[in-house]
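The structure file input_23.cif is reproduced below (mmCIF, N, CA and C atoms).
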data_data
loop_
_atom_site.group_PDB
_atom_site.id
_atom_site.type_symbol
_atom_site.label_atom_id
_atom_site.label_comp_id
_atom_site.auth_asym_id
_atom_site.auth_seq_id
_atom_site.Cartn_x
_atom_site.Cartn_y
_atom_site.Cartn_z
ATOM 1 N N GLU A 555 2.990 12.098 9.143
ATOM 2 C CA GLU A 555 1.853 11.818 10.000
ATOM 3 C C GLU A 555 0.606 11.502 9.171
ATOM 4 N N LEU A 556 0.426 12.249 8.095
ATOM 5 C CA LEU A 556 -0.768 12.071 7.262
ATOM 6 C C LEU A 556 -0.855 10.662 6.685
ATOM 7 N N ILE A 557 0.201 10.184 6.046
ATOM 8 C CA ILE A 557 0.129 8.865 5.413
ATOM 9 C C ILE A 557 -0.014 7.764 6.460
ATOM 10 N N HIS A 558 0.646 7.901 7.587
ATOM 11 C CA HIS A 558 0.525 6.899 8.643
ATOM 12 C C HIS A 558 -0.910 6.846 9.164
ATOM 13 N N THR A 559 -1.499 7.986 9.398
ATOM 14 C CA THR A 559 -2.886 8.045 9.876
ATOM 15 C C THR A 559 -3.826 7.402 8.871
ATOM 16 N N ARG A 560 -3.654 7.733 7.596
ATOM 17 C CA ARG A 560 -4.517 7.171 6.559
ATOM 18 C C ARG A 560 -4.318 5.661 6.425
ATOM 19 N N LEU A 561 -3.068 5.201 6.438
ATOM 20 C CA LEU A 561 -2.791 3.771 6.290
ATOM 21 C C LEU A 561 -3.385 2.958 7.430
ATOM 22 N N THR A 562 -3.239 3.430 8.646
ATOM 23 C CA THR A 562 -3.693 2.645 9.795
ATOM 24 C C THR A 562 -5.218 2.610 9.914
ATOM 25 N N ARG A 563 -5.905 3.397 9.139
ATOM 26 C CA ARG A 563 -7.379 3.349 9.118
ATOM 27 C C ARG A 563 -7.922 2.358 8.094
ATOM 28 N N ILE A 564 -7.051 1.836 7.245
ATOM 29 C CA ILE A 564 -7.484 0.904 6.200
ATOM 30 C C ILE A 564 -7.482 -0.517 6.772
ATOM 31 N N PRO A 565 -8.602 -1.233 6.641
ATOM 32 C CA PRO A 565 -8.678 -2.591 7.190
ATOM 33 C C PRO A 565 -7.566 -3.505 6.675
ATOM 34 N N GLY A 566 -6.938 -4.229 7.595
ATOM 35 C CA GLY A 566 -5.922 -5.207 7.254
ATOM 36 C C GLY A 566 -4.534 -4.640 7.052
ATOM 37 N N ILE A 567 -4.358 -3.338 7.197
ATOM 38 C CA ILE A 567 -3.045 -2.717 7.019
ATOM 39 C C ILE A 567 -2.415 -2.478 8.386
ATOM 40 N N ILE A 568 -1.166 -2.896 8.518
ATOM 41 C CA ILE A 568 -0.381 -2.634 9.726
ATOM 42 C C ILE A 568 0.820 -1.812 9.281
ATOM 43 N N CYS A 569 1.068 -0.695 9.945
ATOM 44 C CA CYS A 569 2.153 0.173 9.505
ATOM 45 C C CYS A 569 2.823 0.843 10.693
ATOM 46 N N ALA A 570 4.125 0.627 10.792
ATOM 47 C CA ALA A 570 4.906 1.345 11.802
ATOM 48 C C ALA A 570 4.989 2.813 11.389
ATOM 49 N N ARG A 571 5.067 3.671 12.373
ATOM 50 C CA ARG A 571 5.177 5.105 12.095
ATOM 51 C C ARG A 571 6.544 5.394 11.471
ATOM 52 N N PRO A 572 6.566 6.046 10.293
ATOM 53 C CA PRO A 572 7.846 6.411 9.681
ATOM 54 C C PRO A 572 8.614 7.385 10.587
ATOM 55 N N THR A 573 9.916 7.191 10.664
ATOM 56 C CA THR A 573 10.743 8.074 11.501
ATOM 57 C C THR A 573 11.898 8.614 10.678
ATOM 58 N N GLY A 574 11.765 9.827 10.219
ATOM 59 C CA GLY A 574 12.847 10.492 9.515
ATOM 60 C C GLY A 574 13.055 10.060 8.084
ATOM 61 N N ALA A 575 12.095 9.425 7.484
ATOM 62 C CA ALA A 575 12.208 8.986 6.098
ATOM 63 C C ALA A 575 11.037 9.558 5.304
ATOM 64 N N PHE A 576 11.043 9.348 4.015
ATOM 65 C CA PHE A 576 9.952 9.825 3.173
ATOM 66 C C PHE A 576 9.176 8.663 2.553
ATOM 67 N N TYR A 577 9.159 7.555 3.264
ATOM 68 C CA TYR A 577 8.408 6.406 2.793
ATOM 69 C C TYR A 577 7.830 5.635 3.978
ATOM 70 N N ALA A 578 6.773 4.888 3.671
ATOM 71 C CA ALA A 578 6.136 4.024 4.664
ATOM 72 C C ALA A 578 6.222 2.587 4.157
ATOM 73 N N PHE A 579 6.268 1.642 5.093
ATOM 74 C CA PHE A 579 6.347 0.215 4.784
ATOM 75 C C PHE A 579 5.162 -0.522 5.407
ATOM 76 N N PRO A 580 3.956 -0.350 4.869
ATOM 77 C CA PRO A 580 2.820 -1.070 5.446
ATOM 78 C C PRO A 580 2.843 -2.562 5.128
ATOM 79 N N ASP A 581 2.443 -3.353 6.097
ATOM 80 C CA ASP A 581 2.280 -4.798 5.938
ATOM 81 C C ASP A 581 0.903 -5.031 5.328
ATOM 82 N N VAL A 582 0.870 -5.655 4.162
ATOM 83 C CA VAL A 582 -0.389 -5.908 3.458
ATOM 84 C C VAL A 582 -0.727 -7.398 3.411
ATOM 85 N N SER A 583 -0.024 -8.205 4.190
ATOM 86 C CA SER A 583 -0.172 -9.664 4.111
ATOM 87 C C SER A 583 -1.555 -10.164 4.491
ATOM 88 N N ALA A 584 -2.330 -9.366 5.195
ATOM 89 C CA ALA A 584 -3.711 -9.770 5.522
ATOM 90 C C ALA A 584 -4.538 -9.945 4.254
ATOM 91 N N HIS A 585 -4.065 -9.389 3.155
ATOM 92 C CA HIS A 585 -4.809 -9.456 1.899
ATOM 93 C C HIS A 585 -4.252 -10.492 0.929
ATOM 94 N N PHE A 586 -3.187 -11.191 1.332
ATOM 95 C CA PHE A 586 -2.666 -12.267 0.494
ATOM 96 C C PHE A 586 -3.709 -13.384 0.449
ATOM 97 N N GLY A 587 -3.859 -13.986 -0.698
ATOM 98 C CA GLY A 587 -4.862 -15.021 -0.899
ATOM 99 C C GLY A 587 -6.161 -14.477 -1.465
ATOM 100 N N LYS A 588 -6.311 -13.163 -1.487
ATOM 101 C CA LYS A 588 -7.506 -12.537 -2.049
ATOM 102 C C LYS A 588 -7.271 -12.274 -3.534
ATOM 103 N N THR A 589 -8.350 -11.888 -4.209
ATOM 104 C CA THR A 589 -8.303 -11.571 -5.627
ATOM 105 C C THR A 589 -8.755 -10.133 -5.824
ATOM 106 N N SER A 590 -8.018 -9.410 -6.674
ATOM 107 C CA SER A 590 -8.359 -8.010 -6.939
ATOM 108 C C SER A 590 -9.599 -7.928 -7.826
ATOM 109 N N ALA A 591 -10.159 -6.743 -7.911
ATOM 110 C CA ALA A 591 -11.331 -6.523 -8.765
ATOM 111 C C ALA A 591 -11.018 -6.841 -10.224
ATOM 112 N N GLY A 592 -9.754 -6.662 -10.607
ATOM 113 C CA GLY A 592 -9.322 -6.978 -11.968
ATOM 114 C C GLY A 592 -9.000 -8.445 -12.192
ATOM 115 N N GLY A 593 -9.149 -9.267 -11.154
ATOM 116 C CA GLY A 593 -8.958 -10.710 -11.289
ATOM 117 C C GLY A 593 -7.574 -11.227 -10.961
ATOM 118 N N LYS A 594 -6.699 -10.391 -10.407
ATOM 119 C CA LYS A 594 -5.340 -10.845 -10.059
ATOM 120 C C LYS A 594 -5.335 -11.446 -8.662
ATOM 121 N N LYS A 595 -4.816 -12.656 -8.560
ATOM 122 C CA LYS A 595 -4.654 -13.330 -7.269
ATOM 123 C C LYS A 595 -3.463 -12.717 -6.554
ATOM 124 N N LEU A 596 -3.654 -12.306 -5.308
ATOM 125 C CA LEU A 596 -2.613 -11.642 -4.528
ATOM 126 C C LEU A 596 -1.953 -12.648 -3.596
ATOM 127 N N ASN A 597 -0.854 -13.235 -4.052
ATOM 128 C CA ASN A 597 -0.135 -14.230 -3.262
ATOM 129 C C ASN A 597 1.085 -13.665 -2.556
ATOM 130 N N ALA A 598 1.490 -12.451 -2.936
ATOM 131 C CA ALA A 598 2.696 -11.841 -2.382
ATOM 132 C C ALA A 598 2.628 -10.327 -2.591
ATOM 133 N N ALA A 599 3.583 -9.631 -1.985
ATOM 134 C CA ALA A 599 3.626 -8.173 -2.102
ATOM 135 C C ALA A 599 3.781 -7.734 -3.562
ATOM 136 N N LEU A 600 4.544 -8.475 -4.353
ATOM 137 C CA LEU A 600 4.704 -8.128 -5.760
ATOM 138 C C LEU A 600 3.362 -8.150 -6.486
ATOM 139 N N ASP A 601 2.559 -9.183 -6.256
ATOM 140 C CA ASP A 601 1.234 -9.269 -6.866
ATOM 141 C C ASP A 601 0.376 -8.077 -6.452
ATOM 142 N N PHE A 602 0.444 -7.737 -5.169
ATOM 143 C CA PHE A 602 -0.317 -6.614 -4.633
ATOM 144 C C PHE A 602 0.089 -5.327 -5.364
ATOM 145 N N CYS A 603 1.398 -5.092 -5.496
ATOM 146 C CA CYS A 603 1.902 -3.878 -6.146
ATOM 147 C C CYS A 603 1.497 -3.821 -7.616
ATOM 148 N N GLU A 604 1.614 -4.934 -8.309
ATOM 149 C CA GLU A 604 1.256 -4.958 -9.735
ATOM 150 C C GLU A 604 -0.227 -4.656 -9.936
ATOM 151 N N ALA A 605 -1.077 -5.258 -9.137
ATOM 152 C CA ALA A 605 -2.514 -5.030 -9.273
ATOM 153 C C ALA A 605 -2.890 -3.602 -8.860
ATOM 154 N N LEU A 606 -2.273 -3.102 -7.804
ATOM 155 C CA LEU A 606 -2.549 -1.735 -7.347
ATOM 156 C C LEU A 606 -2.189 -0.727 -8.433
ATOM 157 N N LEU A 607 -1.074 -0.922 -9.102
ATOM 158 C CA LEU A 607 -0.662 -0.023 -10.182
ATOM 159 C C LEU A 607 -1.614 -0.131 -11.373
ATOM 160 N N ALA A 608 -1.910 -1.346 -11.791
ATOM 161 C CA ALA A 608 -2.761 -1.559 -12.961
ATOM 162 C C ALA A 608 -4.191 -1.075 -12.737
ATOM 163 N N GLU A 609 -4.706 -1.293 -11.540
ATOM 164 C CA GLU A 609 -6.122 -1.034 -11.297
ATOM 165 C C GLU A 609 -6.419 0.330 -10.685
ATOM 166 N N GLN A 610 -5.462 0.882 -9.939
ATOM 167 C CA GLN A 610 -5.725 2.165 -9.271
ATOM 168 C C GLN A 610 -4.669 3.234 -9.573
ATOM 169 N N ARG A 611 -3.676 2.892 -10.389
ATOM 170 C CA ARG A 611 -2.602 3.830 -10.760
ATOM 171 C C ARG A 611 -1.849 4.369 -9.535
ATOM 172 N N VAL A 612 -1.617 3.484 -8.575
ATOM 173 C CA VAL A 612 -0.802 3.815 -7.402
ATOM 174 C C VAL A 612 0.446 2.952 -7.469
ATOM 175 N N ALA A 613 1.607 3.615 -7.521
ATOM 176 C CA ALA A 613 2.875 2.896 -7.608
ATOM 177 C C ALA A 613 3.384 2.567 -6.211
ATOM 178 N N ALA A 614 3.701 1.313 -6.010
ATOM 179 C CA ALA A 614 4.293 0.827 -4.766
ATOM 180 C C ALA A 614 5.345 -0.210 -5.155
ATOM 181 N N VAL A 615 6.273 -0.437 -4.260
ATOM 182 C CA VAL A 615 7.353 -1.389 -4.513
ATOM 183 C C VAL A 615 7.298 -2.466 -3.431
ATOM 184 N N PRO A 616 7.469 -3.746 -3.795
ATOM 185 C CA PRO A 616 7.492 -4.792 -2.774
ATOM 186 C C PRO A 616 8.618 -4.552 -1.774
ATOM 187 N N GLY A 617 8.325 -4.709 -0.506
ATOM 188 C CA GLY A 617 9.313 -4.481 0.543
ATOM 189 C C GLY A 617 10.534 -5.357 0.424
ATOM 190 N N GLU A 618 10.372 -6.554 -0.116
ATOM 191 C CA GLU A 618 11.506 -7.473 -0.235
ATOM 192 C C GLU A 618 12.560 -6.969 -1.219
ATOM 193 N N ASP A 619 12.245 -5.979 -2.023
ATOM 194 C CA ASP A 619 13.229 -5.393 -2.943
ATOM 195 C C ASP A 619 14.257 -4.529 -2.212
ATOM 196 N N PHE A 620 14.071 -4.344 -0.926
ATOM 197 C CA PHE A 620 14.967 -3.494 -0.138
ATOM 198 C C PHE A 620 15.770 -4.346 0.848
ATOM 199 N N GLY A 621 16.693 -5.106 0.315
ATOM 200 C CA GLY A 621 17.587 -5.902 1.137
ATOM 201 C C GLY A 621 16.978 -7.163 1.712
ATOM 202 N N GLY A 622 15.895 -7.648 1.117
ATOM 203 C CA GLY A 622 15.309 -8.896 1.571
ATOM 204 C C GLY A 622 14.402 -8.776 2.777
ATOM 205 N N CYS A 623 14.243 -7.596 3.311
ATOM 206 C CA CYS A 623 13.347 -7.427 4.465
ATOM 207 C C CYS A 623 11.951 -7.081 3.968
ATOM 208 N N GLY A 624 10.989 -7.276 4.773
ATOM 209 C CA GLY A 624 9.635 -6.829 4.461
ATOM 210 C C GLY A 624 8.911 -7.602 3.390
ATOM 211 N N LYS A 625 9.006 -8.936 3.416
ATOM 212 C CA LYS A 625 8.336 -9.709 2.363
ATOM 213 C C LYS A 625 6.819 -9.556 2.396
ATOM 214 N N ASN A 626 6.280 -9.108 3.512
ATOM 215 C CA ASN A 626 4.836 -8.888 3.620
ATOM 216 C C ASN A 626 4.456 -7.428 3.408
ATOM 217 N N ASP A 627 5.451 -6.600 3.128
ATOM 218 C CA ASP A 627 5.248 -5.155 3.076
ATOM 219 C C ASP A 627 5.334 -4.614 1.658
ATOM 220 N N ILE A 628 4.790 -3.404 1.509
ATOM 221 C CA ILE A 628 4.999 -2.625 0.302
ATOM 222 C C ILE A 628 5.627 -1.300 0.732
ATOM 223 N N ARG A 629 6.322 -0.659 -0.183
ATOM 224 C CA ARG A 629 6.942 0.629 0.122
ATOM 225 C C ARG A 629 6.205 1.708 -0.645
ATOM 226 N N LEU A 630 5.738 2.715 0.095
ATOM 227 C CA LEU A 630 5.045 3.856 -0.484
ATOM 228 C C LEU A 630 5.817 5.120 -0.145
ATOM 229 N N SER A 631 6.176 5.888 -1.154
ATOM 230 C CA SER A 631 6.839 7.163 -0.914
ATOM 231 C C SER A 631 5.783 8.231 -0.637
ATOM 232 N N PHE A 632 6.108 9.130 0.279
ATOM 233 C CA PHE A 632 5.203 10.259 0.512
ATOM 234 C C PHE A 632 5.940 11.583 0.329
ATOM 235 N N ALA A 633 6.862 11.593 -0.626
ATOM 236 C CA ALA A 633 7.592 12.811 -0.977
ATOM 237 C C ALA A 633 6.776 13.580 -2.021
ATOM 238 N N CYS A 634 5.578 13.975 -1.616
ATOM 239 C CA CYS A 634 4.673 14.695 -2.509
ATOM 240 C C CYS A 634 3.717 15.527 -1.651
ATOM 241 N N SER A 635 2.789 16.170 -2.283
ATOM 242 C CA SER A 635 1.856 17.044 -1.559
ATOM 243 C C SER A 635 0.844 16.244 -0.739
ATOM 244 N N ASP A 636 0.274 16.898 0.246
ATOM 245 C CA ASP A 636 -0.792 16.269 1.038
ATOM 246 C C ASP A 636 -1.953 15.863 0.141
ATOM 247 N N ASP A 637 -2.262 16.675 -0.855
ATOM 248 C CA ASP A 637 -3.349 16.354 -1.777
ATOM 249 C C ASP A 637 -3.062 15.044 -2.511
ATOM 250 N N ASN A 638 -1.836 14.876 -2.988
ATOM 251 C CA ASN A 638 -1.481 13.633 -3.685
ATOM 252 C C ASN A 638 -1.469 12.441 -2.739
ATOM 253 N N ILE A 639 -1.027 12.645 -1.510
ATOM 254 C CA ILE A 639 -1.075 11.558 -0.520
ATOM 255 C C ILE A 639 -2.518 11.126 -0.300
ATOM 256 N N ASN A 640 -3.410 12.084 -0.109
ATOM 257 C CA ASN A 640 -4.819 11.749 0.113
ATOM 258 C C ASN A 640 -5.431 11.039 -1.087
ATOM 259 N N LYS A 641 -5.120 11.493 -2.290
ATOM 260 C CA LYS A 641 -5.630 10.819 -3.491
ATOM 261 C C LYS A 641 -5.119 9.384 -3.556
ATOM 262 N N GLY A 642 -3.835 9.192 -3.278
ATOM 263 C CA GLY A 642 -3.259 7.851 -3.297
ATOM 264 C C GLY A 642 -3.877 6.941 -2.250
ATOM 265 N N MET A 643 -4.087 7.472 -1.062
ATOM 266 C CA MET A 643 -4.685 6.674 0.011
ATOM 267 C C MET A 643 -6.142 6.353 -0.298
ATOM 268 N N ASP A 644 -6.860 7.275 -0.942
ATOM 269 C CA ASP A 644 -8.232 6.994 -1.369
ATOM 270 C C ASP A 644 -8.244 5.834 -2.363
ATOM 271 N N ARG A 645 -7.284 5.840 -3.277
ATOM 272 C CA ARG A 645 -7.203 4.774 -4.282
ATOM 273 C C ARG A 645 -6.786 3.446 -3.654
ATOM 274 N N LEU A 646 -5.844 3.475 -2.719
ATOM 275 C CA LEU A 646 -5.436 2.262 -2.022
ATOM 276 C C LEU A 646 -6.611 1.680 -1.252
ATOM 277 N N GLU A 647 -7.350 2.528 -0.586
ATOM 278 C CA GLU A 647 -8.502 2.063 0.174
ATOM 279 C C GLU A 647 -9.575 1.476 -0.746
ATOM 280 N N ALA A 648 -9.809 2.097 -1.891
ATOM 281 C CA ALA A 648 -10.779 1.565 -2.851
ATOM 282 C C ALA A 648 -10.324 0.205 -3.382
ATOM 283 N N PHE A 649 -9.025 0.080 -3.644
ATOM 284 C CA PHE A 649 -8.464 -1.190 -4.111
ATOM 285 C C PHE A 649 -8.705 -2.290 -3.072
ATOM 286 N N ILE A 650 -8.398 -2.013 -1.829
ATOM 287 C CA ILE A 650 -8.557 -3.012 -0.778
ATOM 288 C C ILE A 650 -10.017 -3.331 -0.528
ATOM 289 N N ASN A 651 -10.877 -2.331 -0.573
ATOM 290 C CA ASN A 651 -12.301 -2.568 -0.356
ATOM 291 C C ASN A 651 -12.919 -3.435 -1.445
ATOM 292 N N ALA A 652 -12.306 -3.461 -2.628
ATOM 293 C CA ALA A 652 -12.826 -4.245 -3.744
ATOM 294 C C ALA A 652 -12.276 -5.668 -3.792
ATOM 295 N N LEU A 653 -11.348 -6.002 -2.893
ATOM 296 C CA LEU A 653 -10.774 -7.353 -2.905
ATOM 297 C C LEU A 653 -11.820 -8.386 -2.510
ATOM 298 N N LYS A 654 -11.669 -9.575 -3.098
ATOM 299 C CA LYS A 654 -12.601 -10.681 -2.807
ATOM 300 C C LYS A 654 -11.826 -11.853 -2.274
#
Now that the file is in, can you turn its structure into structure tokens?
Amino acid sequence: ELIHTRLTRIPGIICARPTGAFYAFPDVSAHFGKTSAGGKKLNAALDFCEALLAEQRVAAVPGEDFGGCGKNDIRLSFACSDDNINKGMDRLEAFINALK
């Protein structure tokens, strides 16, 4: 519930509620075509994941790596503490707020 609530409050993020899993698959395609604060052009989920890791130290995996589905999505695991989820969501939100 925590990660879903945090994700759906971030502008441009669409996320179905996780059901019985320990990961979320938010759609980040609203941010494709933008440039990160570090200067990386975000043309796909892979670009988004690479820049998010490099600039905010948040690891995510492109959704298309999971059987070809979710080309607009990233996969975030929430098999960690609430504190770590909140820190990660704060960093994701800062990353998105800095996009140009």
Problem - d(CA of Lys654 in chain A, CA of Cys569 in chain A) in Å - result: 22.1 Å
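With only N, CA and C atoms as the atoms that count, the residue of A:Phe649, A:Met643, A:Arg629, A:Ala578 with the shortest distance to Glu609 in chain A is A:Phe649.
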Practice task
Would you list, as a PyMOL selection string, the residues of chain A that end up in helix (DSSP H, G or I) under DSSP run on this structure's backbone?
Solution key: chain A and resi 556-562+583-585+599-610+617-619+636-651
Exercise for the section: Would you mind telling me which residue in A:Asp637, A:Arg563, A:Asn597, A:Asp644 lies nearest to His585 in chain A when using only N, CA and C atoms? Expected result: A:Asn597
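The interatomic distance for the pair atom C of Gly587 in chain A and CA of Leu606 in chain A works out to 14.5 Å.
If you look at CA of Thr559 in chain A and CA of Ala605 in chain A, they are 23.2 Å away from each other.
Comparing A:Asp581, A:Phe586, A:Gln610, A:Leu556 by their smallest distance to Ala648 in chain A, the closest is A:Gln610 (using all atoms listed in the file).
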Practice task
Pull out every residue that the PyMOL selection byres ((chain A and resi 626) around 7) matches in the shown coordinates and put them as a ChimeraX atom specification.
Solution key: /A:580-583,598-599,617-618,623-625,627-628
Handout entry: Residues matched by the PyMOL selection byres ((chain A and resi 652) around 8) as a ChimeraX atom specification
Key = /A:589-592,646-651,653-654
Completion exercise
Using all atoms listed in the file, the shortest atom-to-atom distance to Pro572 in chain A among A:Leu596, A:Ala584, A:Ala614, A:Ile557 belongs to A:Ile557
Handout entry: DSSP strand (DSSP E) residues within range 565-620 of chain A, as a VMD selection string
Key = chain A and resid 577 to 578 615 to 616
Practice task
Find, counting only C-alpha atoms, the residue in A:Lys594, A:His558, A:Arg571, A:Lys588 that gets nearest to Ala608 in chain A.
Solution key: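 Checking each candidate against Ala608 in chain A, we get A:Lys594 as the closest.
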Problem - Residues matched by the PyMOL selection byres (((chain A and resi 575 and name CA) around 10) and name CA), written as a VMD selection string - result: chain A and resid 572 to 574 576 to 578 631 to 633
Let me know the centre plus edge lengths, in Å and rounded to one decimal, of a box with edges along x, y and z that contains all listed atoms of range 599-606 of chain A and is padded by 5 Å on every side, as JSON.
{"center_x": 0.9, "center_y": -5.2, "center_z": -6.0, "size_x": 17.6, "size_y": 18.9, "size_z": 18.0}
Problem - Among the residues A:Gly566, A:Gly621, A:Gly642, A:Pro616, the one that comes closest to Glu604 in chain A [using all atoms listed in the file] - result: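 Among the listed residues, the smallest separation from Glu604 in chain A belongs to A:Pro616.
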